[in-house]
$ cat model_18.cif   # mmCIF, C-alpha atoms
data_final
#
loop_
_atom_site.group_PDB
_atom_site.id
_atom_site.type_symbol
_atom_site.label_atom_id
_atom_site.label_comp_id
_atom_site.auth_asym_id
_atom_site.auth_seq_id
_atom_site.Cartn_x
_atom_site.Cartn_y
_atom_site.Cartn_z
ATOM 1 C CA MET A 1 62.893 -30.810 -17.028
ATOM 2 C CA HIS A 2 61.429 -31.114 -13.563
ATOM 3 C CA PHE A 3 59.677 -28.569 -11.388
ATOM 4 C CA SER A 4 59.965 -28.830 -7.647
ATOM 5 C CA LEU A 5 56.839 -29.628 -5.654
ATOM 6 C CA GLY A 6 57.168 -26.281 -3.902
ATOM 7 C CA PHE A 7 57.224 -24.397 -7.226
ATOM 8 C CA LEU A 8 54.224 -26.315 -8.542
ATOM 9 C CA THR A 9 52.260 -25.668 -5.378
ATOM 10 C CA LEU A 10 53.106 -21.989 -5.260
ATOM 11 C CA GLY A 11 52.716 -21.540 -9.042
ATOM 12 C CA GLY A 12 49.384 -23.325 -8.996
ATOM 13 C CA PHE A 13 48.247 -21.158 -6.116
ATOM 14 C CA ILE A 14 49.155 -17.913 -7.896
ATOM 15 C CA ALA A 15 47.696 -19.098 -11.226
ATOM 16 C CA GLY A 16 44.549 -20.040 -9.329
ATOM 17 C CA ILE A 17 44.241 -16.586 -7.826
ATOM 18 C CA ILE A 18 44.725 -14.948 -11.218
ATOM 19 C CA PHE A 19 42.240 -17.248 -12.944
ATOM 20 C CA TRP A 20 39.644 -16.999 -10.203
ATOM 21 C CA GLY A 21 40.020 -13.262 -9.845
ATOM 22 C CA GLY A 22 39.846 -12.790 -13.604
ATOM 23 C CA PHE A 23 36.805 -15.048 -13.860
ATOM 24 C CA ASN A 24 34.917 -13.210 -11.159
ATOM 25 C CA THR A 25 35.892 -9.805 -12.518
ATOM 26 C CA ALA A 26 34.614 -10.809 -15.952
ATOM 27 C CA LEU A 27 31.462 -12.184 -14.338
ATOM 28 C CA GLU A 28 30.866 -8.917 -12.507
ATOM 29 C CA VAL A 29 31.331 -6.942 -15.737
ATOM 30 C CA THR A 30 28.442 -8.896 -17.256
ATOM 31 C CA ASN A 31 26.451 -7.984 -14.152
ATOM 32 C CA THR A 32 26.347 -4.248 -14.765
ATOM 33 C CA GLU A 33 23.612 -2.207 -16.355
ATOM 34 C CA GLU A 34 26.060 -0.781 -18.932
ATOM 35 C CA PHE A 35 26.698 -4.326 -20.117
ATOM 36 C CA CYS A 36 22.974 -5.159 -20.268
ATOM 37 C CA ILE A 37 22.051 -2.094 -22.303
ATOM 38 C CA GLY A 38 25.088 -2.542 -24.524
ATOM 39 C CA CYS A 39 22.647 -4.302 -26.841
ATOM 40 C CA HIS A 40 20.000 -2.136 -28.467
ATOM 41 C CA GLU A 41 17.404 -4.861 -27.804
ATOM 42 C CA MET A 42 17.656 -4.072 -24.103
ATOM 43 C CA GLU A 43 18.356 -0.341 -24.325
ATOM 44 C CA ASN A 44 15.507 0.541 -26.692
ATOM 45 C CA ASN A 45 12.836 -1.708 -25.233
ATOM 46 C CA VAL A 46 12.966 -2.712 -21.585
ATOM 47 C CA TYR A 47 15.425 -0.070 -20.358
ATOM 48 C CA GLU A 48 13.450 2.676 -22.076
ATOM 49 C CA GLU A 49 10.269 1.517 -20.338
ATOM 50 C CA LEU A 50 11.943 1.174 -16.944
ATOM 51 C CA GLN A 51 12.716 4.884 -16.885
ATOM 52 C CA TYR A 52 9.054 5.807 -16.414
ATOM 53 C CA THR A 53 8.611 3.623 -13.361
ATOM 54 C CA VAL A 54 9.227 4.099 -9.648
ATOM 55 C CA HIS A 55 12.091 1.604 -9.794
ATOM 56 C CA PHE A 56 14.077 4.097 -11.869
ATOM 57 C CA SER A 57 12.942 7.543 -10.793
ATOM 58 C CA ASN A 58 11.528 8.379 -7.372
ATOM 59 C CA GLY A 59 11.678 10.791 -4.456
ATOM 60 C CA SER A 60 14.497 9.158 -2.552
ATOM 61 C CA GLY A 61 16.781 8.428 -5.512
ATOM 62 C CA VAL A 62 17.186 4.750 -4.698
ATOM 63 C CA ARG A 63 16.879 2.765 -7.903
ATOM 64 C CA ALA A 64 17.057 -0.771 -9.179
ATOM 65 C CA THR A 65 19.411 -1.650 -12.025
ATOM 66 C CA CYS A 66 18.822 -4.580 -14.402
ATOM 67 C CA PRO A 67 20.843 -7.205 -12.450
ATOM 68 C CA ASP A 68 19.202 -6.223 -9.147
ATOM 69 C CA CYS A 69 16.008 -7.901 -10.329
ATOM 70 C CA HIS A 70 17.133 -10.205 -13.111
ATOM 71 C CA VAL A 71 20.268 -11.893 -11.715
ATOM 72 C CA PRO A 72 20.244 -13.899 -8.483
ATOM 73 C CA HIS A 73 22.655 -12.558 -5.876
ATOM 74 C CA LYS A 74 23.785 -15.928 -4.495
ATOM 75 C CA TRP A 75 26.850 -17.223 -6.339
ATOM 76 C CA THR A 76 25.615 -20.725 -7.283
ATOM 77 C CA ASN A 77 22.261 -19.391 -8.521
ATOM 78 C CA LYS A 78 24.046 -16.605 -10.338
ATOM 79 C CA ILE A 79 26.241 -19.091 -12.227
ATOM 80 C CA ALA A 80 23.169 -21.161 -13.094
ATOM 81 C CA ARG A 81 21.421 -18.068 -14.461
ATOM 82 C CA LYS A 82 24.536 -17.041 -16.402
ATOM 83 C CA MET A 83 24.616 -20.472 -18.056
ATOM 84 C CA GLN A 84 20.977 -20.073 -19.079
ATOM 85 C CA ALA A 85 21.901 -16.684 -20.469
ATOM 86 C CA SER A 86 24.016 -18.382 -23.137
ATOM 87 C CA LYS A 87 20.678 -18.845 -24.930
ATOM 88 C CA GLU A 88 20.366 -15.056 -24.968
ATOM 89 C CA VAL A 89 23.750 -14.785 -26.699
ATOM 90 C CA TRP A 90 22.359 -17.129 -29.353
ATOM 91 C CA GLY A 91 19.316 -14.883 -29.668
ATOM 92 C CA LYS A 92 21.506 -11.809 -30.035
ATOM 93 C CA ILE A 93 23.641 -13.406 -32.798
ATOM 94 C CA PHE A 94 20.622 -14.541 -34.792
ATOM 95 C CA GLY A 95 18.586 -11.371 -34.162
ATOM 96 C CA THR A 96 15.644 -13.088 -32.472
ATOM 97 C CA ILE A 97 14.299 -9.783 -31.127
ATOM 98 C CA ASN A 98 16.307 -7.247 -33.117
ATOM 99 C CA THR A 99 13.273 -5.148 -34.063
ATOM 100 C CA ARG A 100 10.490 -3.689 -31.923
ATOM 101 C CA GLU A 101 7.963 -5.858 -33.781
ATOM 102 C CA LYS A 102 9.906 -9.066 -33.136
ATOM 103 C CA PHE A 103 10.329 -8.071 -29.500
ATOM 104 C CA GLU A 104 6.612 -7.418 -29.045
ATOM 105 C CA GLU A 105 5.874 -10.710 -30.784
ATOM 106 C CA LYS A 106 8.030 -12.604 -28.307
ATOM 107 C CA ARG A 107 7.264 -10.454 -25.292
ATOM 108 C CA LEU A 108 4.717 -12.756 -23.638
ATOM 109 C CA GLU A 109 7.090 -15.729 -23.801
ATOM 110 C CA LEU A 110 10.004 -13.709 -22.395
ATOM 111 C CA ALA A 111 7.828 -12.289 -19.622
ATOM 112 C CA GLN A 112 6.536 -15.746 -18.745
ATOM 113 C CA HIS A 113 10.107 -16.955 -18.243
ATOM 114 C CA GLU A 114 10.736 -14.180 -15.726
ATOM 115 C CA TRP A 115 7.384 -14.693 -13.958
ATOM 116 C CA ALA A 116 8.112 -18.423 -13.673
ATOM 117 C CA ARG A 117 11.600 -17.769 -12.327
ATOM 118 C CA LEU A 118 10.356 -15.322 -9.678
ATOM 119 C CA LYS A 119 7.447 -17.585 -8.777
ATOM 120 C CA ALA A 120 9.833 -20.521 -8.283
ATOM 121 C CA ASN A 121 12.235 -18.611 -6.020
ATOM 122 C CA ASP A 122 9.421 -16.894 -4.054
ATOM 123 C CA SER A 123 10.241 -13.500 -5.603
ATOM 124 C CA LEU A 124 13.747 -13.572 -4.152
ATOM 125 C CA GLU A 125 14.996 -10.584 -6.142
ATOM 126 C CA CYS A 126 12.068 -8.444 -4.938
ATOM 127 C CA ARG A 127 12.743 -9.501 -1.389
ATOM 128 C CA ASN A 128 16.406 -8.532 -1.530
ATOM 129 C CA CYS A 129 15.111 -4.991 -0.980
ATOM 130 C CA HIS A 130 11.445 -5.420 0.020
ATOM 131 C CA ASP A 131 11.862 -7.578 3.099
ATOM 132 C CA PHE A 132 8.525 -8.865 4.419
ATOM 133 C CA GLU A 133 9.937 -9.042 7.976
ATOM 134 C CA TYR A 134 10.278 -5.267 8.058
ATOM 135 C CA MET A 135 7.042 -4.260 6.336
ATOM 136 C CA ASP A 136 4.978 -1.864 8.435
ATOM 137 C CA PHE A 137 1.364 -2.487 7.459
ATOM 138 C CA THR A 138 0.248 0.706 9.206
ATOM 139 C CA GLN A 139 2.249 2.676 6.622
ATOM 140 C CA GLN A 140 0.500 0.927 3.756
ATOM 141 C CA SER A 141 -2.877 1.744 2.269
ATOM 142 C CA PRO A 142 -5.676 -0.311 3.856
ATOM 143 C CA ARG A 143 -6.076 -2.327 0.671
ATOM 144 C CA ALA A 144 -2.361 -3.166 0.476
ATOM 145 C CA ALA A 145 -2.197 -3.991 4.194
ATOM 146 C CA VAL A 146 -5.046 -6.495 3.848
ATOM 147 C CA GLN A 147 -3.429 -8.345 0.954
ATOM 148 C CA HIS A 148 0.066 -8.342 2.486
ATOM 149 C CA SER A 149 -1.053 -9.451 5.930
ATOM 150 C CA THR A 150 -3.120 -12.346 4.584
ATOM 151 C CA ALA A 151 -2.183 -13.872 1.233
ATOM 152 C CA LEU A 152 1.473 -12.817 1.293
ATOM 153 C CA ALA A 153 2.007 -13.549 4.996
ATOM 154 C CA ALA A 154 0.502 -17.018 4.631
ATOM 155 C CA GLY A 155 2.705 -17.768 1.653
ATOM 156 C CA GLU A 156 -0.290 -18.353 -0.627
ATOM 157 C CA LYS A 157 0.908 -15.623 -2.955
ATOM 158 C CA THR A 158 4.300 -14.215 -3.740
ATOM 159 C CA CYS A 159 5.167 -10.682 -4.914
ATOM 160 C CA ILE A 160 5.123 -11.439 -8.648
ATOM 161 C CA ASP A 161 1.608 -12.922 -8.479
ATOM 162 C CA CYS A 162 0.137 -9.432 -8.125
ATOM 163 C CA HIS A 163 2.984 -7.087 -9.069
ATOM 164 C CA LYS A 164 3.472 -7.883 -12.738
ATOM 165 C CA GLY A 165 4.447 -5.103 -15.109
ATOM 166 C CA ILE A 166 5.816 -2.811 -12.409
ATOM 167 C CA ALA A 167 9.111 -2.104 -14.157
ATOM 168 C CA HIS A 168 8.307 -2.737 -17.829
ATOM 169 C CA ARG A 169 5.219 -2.608 -20.023
ATOM 170 C CA LEU A 170 3.092 -5.745 -20.050
ATOM 171 C CA PRO A 171 2.672 -8.186 -22.941
ATOM 172 C CA ASP A 172 -0.826 -9.103 -24.142
ATOM 173 C CA MET A 173 -2.259 -10.433 -20.875
ATOM 174 C CA GLU A 174 -5.145 -12.402 -22.337
ATOM 175 C CA GLY A 175 -5.215 -15.804 -20.647
ATOM 176 C CA VAL A 176 -2.764 -14.841 -17.899
ATOM 177 C CA GLU A 177 -4.119 -15.713 -14.445
ATOM 178 C CA GLY A 178 -5.544 -12.699 -12.638
ATOM 179 C CA TRP A 179 -5.842 -10.631 -15.814
ATOM 180 C CA GLN A 180 -8.681 -9.943 -18.203
ATOM 181 C CA MET B 1 -25.514 25.540 -47.345
ATOM 182 C CA LYS B 2 -22.534 23.367 -46.457
ATOM 183 C CA LYS B 3 -20.254 26.405 -46.424
ATOM 184 C CA LEU B 4 -22.638 28.198 -44.133
ATOM 185 C CA LEU B 5 -22.631 25.263 -41.724
ATOM 186 C CA ILE B 6 -18.837 25.169 -41.617
ATOM 187 C CA LEU B 7 -18.747 28.913 -41.021
ATOM 188 C CA ALA B 8 -21.257 28.603 -38.194
ATOM 189 C CA THR B 9 -19.314 25.782 -36.567
ATOM 190 C CA LEU B 10 -16.024 27.642 -36.847
ATOM 191 C CA SER B 11 -17.418 30.851 -35.444
ATOM 192 C CA SER B 12 -19.060 29.075 -32.517
ATOM 193 C CA ALA B 13 -15.769 27.287 -31.810
ATOM 194 C CA LEU B 14 -13.948 30.619 -31.883
ATOM 195 C CA PHE B 15 -16.582 32.152 -29.642
ATOM 196 C CA SER B 16 -16.248 29.391 -27.026
ATOM 197 C CA VAL B 17 -12.455 29.745 -27.076
ATOM 198 C CA LEU B 18 -12.830 33.458 -26.365
ATOM 199 C CA LEU B 19 -15.406 32.729 -23.697
ATOM 200 C CA TYR B 20 -13.120 30.351 -21.797
ATOM 201 C CA ALA B 21 -9.845 32.145 -22.454
ATOM 202 C CA ASN B 22 -10.040 33.920 -19.103
ATOM 203 C CA GLU B 23 -10.651 30.739 -17.116
ATOM 204 C CA ILE B 24 -7.691 29.022 -18.770
ATOM 205 C CA ALA B 25 -5.618 32.035 -17.841
ATOM 206 C CA THR B 26 -6.697 31.614 -14.214
ATOM 207 C CA LEU B 27 -5.651 27.986 -14.091
ATOM 208 C CA ARG B 28 -2.351 28.760 -15.770
ATOM 209 C CA GLN B 29 -1.816 31.832 -13.595
ATOM 210 C CA GLY B 30 -1.744 34.062 -16.661
ATOM 211 C CA THR B 31 1.077 32.250 -18.430
ATOM 212 C CA PRO B 32 0.568 32.377 -22.230
ATOM 213 C CA LEU B 33 -0.218 29.017 -23.796
ATOM 214 C CA ASP B 34 3.031 28.882 -25.766
ATOM 215 C CA GLU B 35 5.169 29.428 -22.666
ATOM 216 C CA VAL B 36 6.059 27.230 -19.730
ATOM 217 C CA SER B 37 4.989 28.545 -16.339
ATOM 218 C CA THR B 38 7.927 29.576 -14.158
ATOM 219 C CA ASN B 39 5.933 29.001 -10.996
ATOM 220 C CA PRO B 40 3.787 25.919 -11.535
ATOM 221 C CA ALA B 41 1.581 24.627 -8.728
ATOM 222 C CA PRO B 42 3.332 21.776 -6.892
ATOM 223 C CA MET B 43 2.311 18.204 -7.690
ATOM 224 C CA GLN B 44 -0.263 16.899 -5.230
ATOM 225 C CA ASN B 45 -0.414 13.477 -3.685
ATOM 226 C CA VAL B 46 -3.440 11.496 -4.750
ATOM 227 C CA SER B 47 -5.812 10.420 -1.968
ATOM 228 C CA ASN B 48 -5.113 6.773 -1.193
ATOM 229 C CA THR B 49 -7.635 6.073 1.549
ATOM 230 C CA ASP B 50 -9.667 3.359 -0.227
ATOM 231 C CA VAL B 51 -12.749 5.070 1.228
ATOM 232 C CA LYS B 52 -15.482 5.773 -1.316
ATOM 233 C CA GLU B 53 -16.357 9.407 -2.000
ATOM 234 C CA ILE B 54 -19.989 10.355 -2.500
ATOM 235 C CA ARG B 55 -21.017 11.357 -6.007
ATOM 236 C CA ALA B 56 -21.876 14.993 -6.636
ATOM 237 C CA TYR B 57 -24.817 13.875 -8.791
ATOM 238 C CA PRO B 58 -26.327 10.418 -9.396
ATOM 239 C CA MET B 59 -24.897 9.890 -12.892
ATOM 240 C CA GLN B 60 -21.368 10.936 -11.965
ATOM 241 C CA PRO B 61 -18.779 8.260 -12.702
ATOM 242 C CA PRO B 62 -17.500 7.216 -9.245
ATOM 243 C CA MET B 63 -14.097 8.611 -8.340
ATOM 244 C CA ILE B 64 -11.106 6.370 -7.706
ATOM 245 C CA PRO B 65 -10.223 6.392 -3.979
ATOM 246 C CA HIS B 66 -6.694 5.059 -4.462
ATOM 247 C CA LYS B 67 -3.458 5.607 -6.373
ATOM 248 C CA ILE B 68 -3.308 4.350 -9.944
ATOM 249 C CA ASP B 69 0.317 5.248 -10.702
ATOM 250 C CA ASN B 70 1.600 3.270 -13.651
ATOM 251 C CA TYR B 71 -1.560 1.218 -14.019
ATOM 252 C CA GLN B 72 -1.423 -0.076 -17.569
ATOM 253 C CA VAL B 73 -4.705 0.296 -19.422
ATOM 254 C CA ASP B 74 -4.302 -0.381 -23.115
ATOM 255 C CA LEU B 75 -5.080 -3.044 -25.697
ATOM 256 C CA LYS B 76 -2.720 -5.505 -24.051
ATOM 257 C CA ALA B 77 -3.627 -5.195 -20.397
ATOM 258 C CA ASN B 78 -6.097 -3.539 -18.065
ATOM 259 C CA LYS B 79 -4.848 -3.335 -14.499
ATOM 260 C CA CYS B 80 -8.127 -1.913 -13.183
ATOM 261 C CA LEU B 81 -10.084 -4.957 -14.337
ATOM 262 C CA SER B 82 -7.727 -7.244 -12.391
ATOM 263 C CA CYS B 83 -9.790 -6.242 -9.365
ATOM 264 C CA HIS B 84 -12.964 -4.589 -10.674
ATOM 265 C CA ALA B 85 -14.050 -7.127 -13.315
ATOM 266 C CA ARG B 86 -17.182 -9.151 -12.565
ATOM 267 C CA ASP B 87 -15.306 -12.406 -11.997
ATOM 268 C CA MET B 88 -12.517 -10.784 -9.953
ATOM 269 C CA VAL B 89 -14.450 -9.009 -7.192
ATOM 270 C CA GLY B 90 -14.839 -12.257 -5.249
ATOM 271 C CA ASP B 91 -11.125 -12.263 -4.516
ATOM 272 C CA SER B 92 -10.499 -8.543 -4.485
ATOM 273 C CA GLN B 93 -13.717 -7.366 -2.781
ATOM 274 C CA ALA B 94 -13.473 -4.279 -4.979
ATOM 275 C CA THR B 95 -16.536 -2.580 -6.459
ATOM 276 C CA MET B 96 -17.723 -4.321 -9.610
ATOM 277 C CA ILE B 97 -17.899 -2.198 -12.758
ATOM 278 C CA SER B 98 -21.560 -1.281 -13.241
ATOM 279 C CA VAL B 99 -23.862 -3.099 -15.655
ATOM 280 C CA THR B 100 -23.788 -0.125 -18.022
ATOM 281 C CA HIS B 101 -20.224 -1.144 -18.905
ATOM 282 C CA PHE B 102 -21.538 -4.311 -20.529
ATOM 283 C CA MET B 103 -23.931 -2.459 -22.846
ATOM 284 C CA ASP B 104 -23.152 -1.557 -26.420
ATOM 285 C CA ARG B 105 -24.455 1.708 -27.829
ATOM 286 C CA ASP B 106 -27.751 0.096 -28.814
ATOM 287 C CA GLY B 107 -28.400 -1.032 -25.254
ATOM 288 C CA ASN B 108 -27.648 -4.720 -25.860
ATOM 289 C CA PHE B 109 -25.915 -6.489 -23.017
ATOM 290 C CA LEU B 110 -22.617 -8.156 -23.935
ATOM 291 C CA ALA B 111 -20.843 -11.018 -22.172
ATOM 292 C CA ASP B 112 -17.894 -8.840 -21.214
ATOM 293 C CA VAL B 113 -16.911 -5.178 -20.968
ATOM 294 C CA SER B 114 -18.008 -3.183 -23.986
ATOM 295 C CA PRO B 115 -15.022 -1.758 -25.914
ATOM 296 C CA ARG B 116 -16.484 1.743 -25.537
ATOM 297 C CA ARG B 117 -16.248 1.395 -21.740
ATOM 298 C CA TYR B 118 -12.833 -0.285 -21.615
ATOM 299 C CA PHE B 119 -10.636 2.764 -20.989
ATOM 300 C CA CYS B 120 -11.419 3.448 -17.330
ATOM 301 C CA THR B 121 -9.676 6.791 -16.891
ATOM 302 C CA GLN B 122 -11.773 8.387 -19.630
ATOM 303 C CA CYS B 123 -14.390 8.815 -16.914
ATOM 304 C CA HIS B 124 -12.910 7.689 -13.579
ATOM 305 C CA VAL B 125 -10.132 9.660 -11.929
ATOM 306 C CA PRO B 126 -8.320 9.677 -8.577
ATOM 307 C CA GLN B 127 -8.805 12.643 -6.261
ATOM 308 C CA VAL B 128 -6.591 15.229 -4.615
ATOM 309 C CA GLU B 129 -7.439 17.017 -1.356
ATOM 310 C CA ARG B 130 -6.966 20.698 -2.094
ATOM 311 C CA LYS B 131 -8.693 24.029 -2.450
ATOM 312 C CA ASP B 132 -10.584 24.678 -5.683
ATOM 313 C CA LEU B 133 -8.348 26.230 -8.330
ATOM 314 C CA VAL B 134 -11.221 28.317 -9.639
ATOM 315 C CA GLU B 135 -14.391 29.528 -7.959
ATOM 316 C CA ASN B 136 -17.086 26.885 -7.982
ATOM 317 C CA GLU B 137 -20.711 27.457 -7.026
ATOM 318 C CA PHE B 138 -21.896 23.906 -7.571
ATOM 319 C CA GLU B 139 -24.483 22.770 -5.082
ATOM 320 C CA ASP B 140 -25.753 19.285 -4.381
ATOM 321 C CA ILE B 141 -29.256 18.695 -5.795
ATOM 322 C CA LYS B 142 -30.565 17.881 -2.303
ATOM 323 C CA THR B 143 -29.384 21.260 -1.083
ATOM 324 C CA VAL B 144 -31.077 22.943 -4.051
ATOM 325 C CA ILE B 145 -34.372 21.112 -3.406
ATOM 326 C CA LYS B 146 -34.394 22.166 0.248
ATOM 327 C CA GLN B 147 -34.044 25.865 -0.652
#
$ encode --input "model_18.cif" --output "structure tokens"
Amino acid sequence: MHFSLGFLTLGGFIAGIIFWGGFNTALEVTNTEEFCIGCHEMENNVYEELQYTVHFSNGSGVRATCPDCHVPHKWTNKIARKMQASKEVWGKIFGTINTREKFEEKRLELAQHEWARLKANDSLECRNCHDFEYMDFTQQSPRAAVQHSTALAAGEKTCIDCHKGIAHRLPDMEGVEGWQ
Amino acid sequence: MKKLLILATLSSALFSVLLYANEIATLRQGTPLDEVSTNPAPMQNVSNTDVKEIRAYPMQPPMIPHKIDNYQVDLKANKCLSCHARDMVGDSQATMISVTHFMDRDGNFLADVSPRRYFCTQCHVPQVERKDLVENEFEDIKTVIKQ
């Protein structure tokens, strides 16, 4: 049995569209907040804490969802992050943080991973919304304007260096730079 | 004797409750304590000027001249100390916590903040620009001396 070249080309093209479309659709499903808080580890710990912060509830009603801050927006980086996330599936299966106590125990390590990631990409996920180019220092408090126009502008510091614990509670900060 | 003491304490507590009942009613606009006010005063924005306020009397804990929304101060972290600790003010140029914060209750100086002075907002609070909710006849000691 032989298929014509035309059939193979066309068939391959259509199969490609279906596979690619299906892959990306599935990928996007894992990129929603409903998916993230599908596990009680996320819903009862970090999501619960988020709700008391300005990134969840505020005057203008603009809010950040889990993937806004925790998944890179660029496709290649997103795939890289999703591959790393396979470790989290492992953690879910073996119940690494399936109680509040276990979560608190591991909280510093988990937080350090996120701080390191944001430090390495110059707080990219913060900057997707908080663009330095458009910051009006005159609208900021004098203290904030000083820090943003010097350390941040010069690239000596990045957002996460000072703004830790803005969306979730902090782990035990003893020994973390800049904390007592 | 012990019974008498308890009775005295209880009655003085009851007396002070009665004494202040009216003032509480003023602040709550007459709403009973077990009910939620239908017309609560609107939330006020905290002053965020970073300009120090003068103290009403020398021993007053200084007021916080900036927002402290969501500052975590608990056993795990103390956001205030990130700027106001002795070894942090070089970078932050914030006011250092006073030396009294390093003393234990016997007056001994410790190497770091005394646990009894760790929870900043027990004494220090941000300010709101607004009219007094209740009448206040407080006068600065310097004004009193001049009279």
$ interface_residues --input "model_18.cif" --of "chain A" --to "chain B" --cutoff "7 Å" --atoms "all atoms listed in the file" --output "VMD selection string"
chain A and resid 141 to 143 170 to 173 178 to 180
$ atom_distance --input "model_18.cif" --atom1 "atom CA of A:Trp115" --atom2 "atom CA of A:Ala85"
16.0 Å
$ atom_distance --input "model_18.cif" --atom1 "atom CA of A:Cys129" --atom2 "atom CA of A:Ala154"
19.7 Å
$ resolve_selection --input "model_18.cif" --expression "the PyMOL selection byres ((chain A and resi 158) around 10)" --output "PyMOL selection string"
chain A and resi 118-124+126-127+148+151-157+159-163
$ residues_around --input "model_18.cif" --residues "A:Asn98" --least-positions-apart "5" --cutoff "9 Å" --atoms "only C-alpha atoms" --output "PDB file with C-alpha atoms, keeping the file's coordinate frame"
ATOM      1  CA  HIS A  40      20.000  -2.136 -28.467  1.00  0.00           C
ATOM      2  CA  GLU A  41      17.404  -4.861 -27.804  1.00  0.00           C
ATOM      3  CA  GLY A  91      19.316 -14.883 -29.668  1.00  0.00           C
ATOM      4  CA  LYS A  92      21.506 -11.809 -30.035  1.00  0.00           C
ATOM      5  CA  PHE A 103      10.329  -8.071 -29.500  1.00  0.00           C
TER       6      PHE A 103
END
$ atom_distance --input "model_18.cif" --atom1 "atom CA of A:Ile14" --atom2 "atom CA of A:Thr76"
23.7 Å
$ resolve_selection --input "model_18.cif" --expression "the PyMOL selection byres ((chain B and resi 101) around 12)" --output "list in words"
Pro61, Leu81, His84, Ala85, Arg86, Met96, Ile97, Ser98, Val99, Thr100, Phe102, Met103, Asp104, Arg105, Gly107, Asn108, Phe109, Leu110, Ala111, Asp112, Val113, Ser114, Pro115, Arg116, Arg117, Tyr118, Phe119, Cys120 and Cys123 of chain B
$ resolve_selection --input "model_18.cif" --expression "the PyMOL selection byres ((chain B and resi 129) around 9)" --output "ChimeraX atom specification"
/B:44-47,127-128,130-131
$ residues_around --input "model_18.cif" --residues "A:Leu50" --least-positions-apart "3" --cutoff "9 Å" --atoms "only C-alpha atoms" --output "compact mmCIF listing (two decimals) with C-alpha atoms, in the frame of the given file"
# COMPACT_ATOMS: atom_id res chain seq x y z
CA ASN A 45 12.84 -1.71 -25.23
CA VAL A 46 12.97 -2.71 -21.58
CA TYR A 47 15.42 -0.07 -20.36
CA THR A 53 8.61 3.62 -13.36
CA VAL A 54 9.23 4.10 -9.65
CA HIS A 55 12.09 1.60 -9.79
CA PHE A 56 14.08 4.10 -11.87
CA SER A 57 12.94 7.54 -10.79
CA ILE A 166 5.82 -2.81 -12.41
CA ALA A 167 9.11 -2.10 -14.16
CA HIS A 168 8.31 -2.74 -17.83
CA ARG A 169 5.22 -2.61 -20.02
$ axis_aligned_box --input "model_18.cif" --around "stretch 48-63 of chain B" --padding-each-side "8 Å" --output "lines of an AutoDock Vina configuration file"
center_x = -15.7
center_y = 9.2
center_z = -5.7
size_x = 37.2
size_y = 27.6
size_z = 30.4
$ residues_near_point --input "model_18.cif" --point "(24.5, -7.2, -20.2)" --cutoff "12 Å" --atoms "all atoms listed in the file" --output "JSON, numbers by chain"
{"A": [26, 27, 28, 29, 30, 31, 32, 33, 34, 35, 36, 37, 38, 39, 40, 41, 42, 43, 47, 65, 66, 67, 70, 71, 82, 85, 86, 88, 89, 92]}
$ closest_residue --input "model_18.cif" --among "A:Ala145, A:Asn128, A:Gln139, A:Gln112" --to "A:Gly175" --atoms "only C-alpha atoms"
A:Gln112
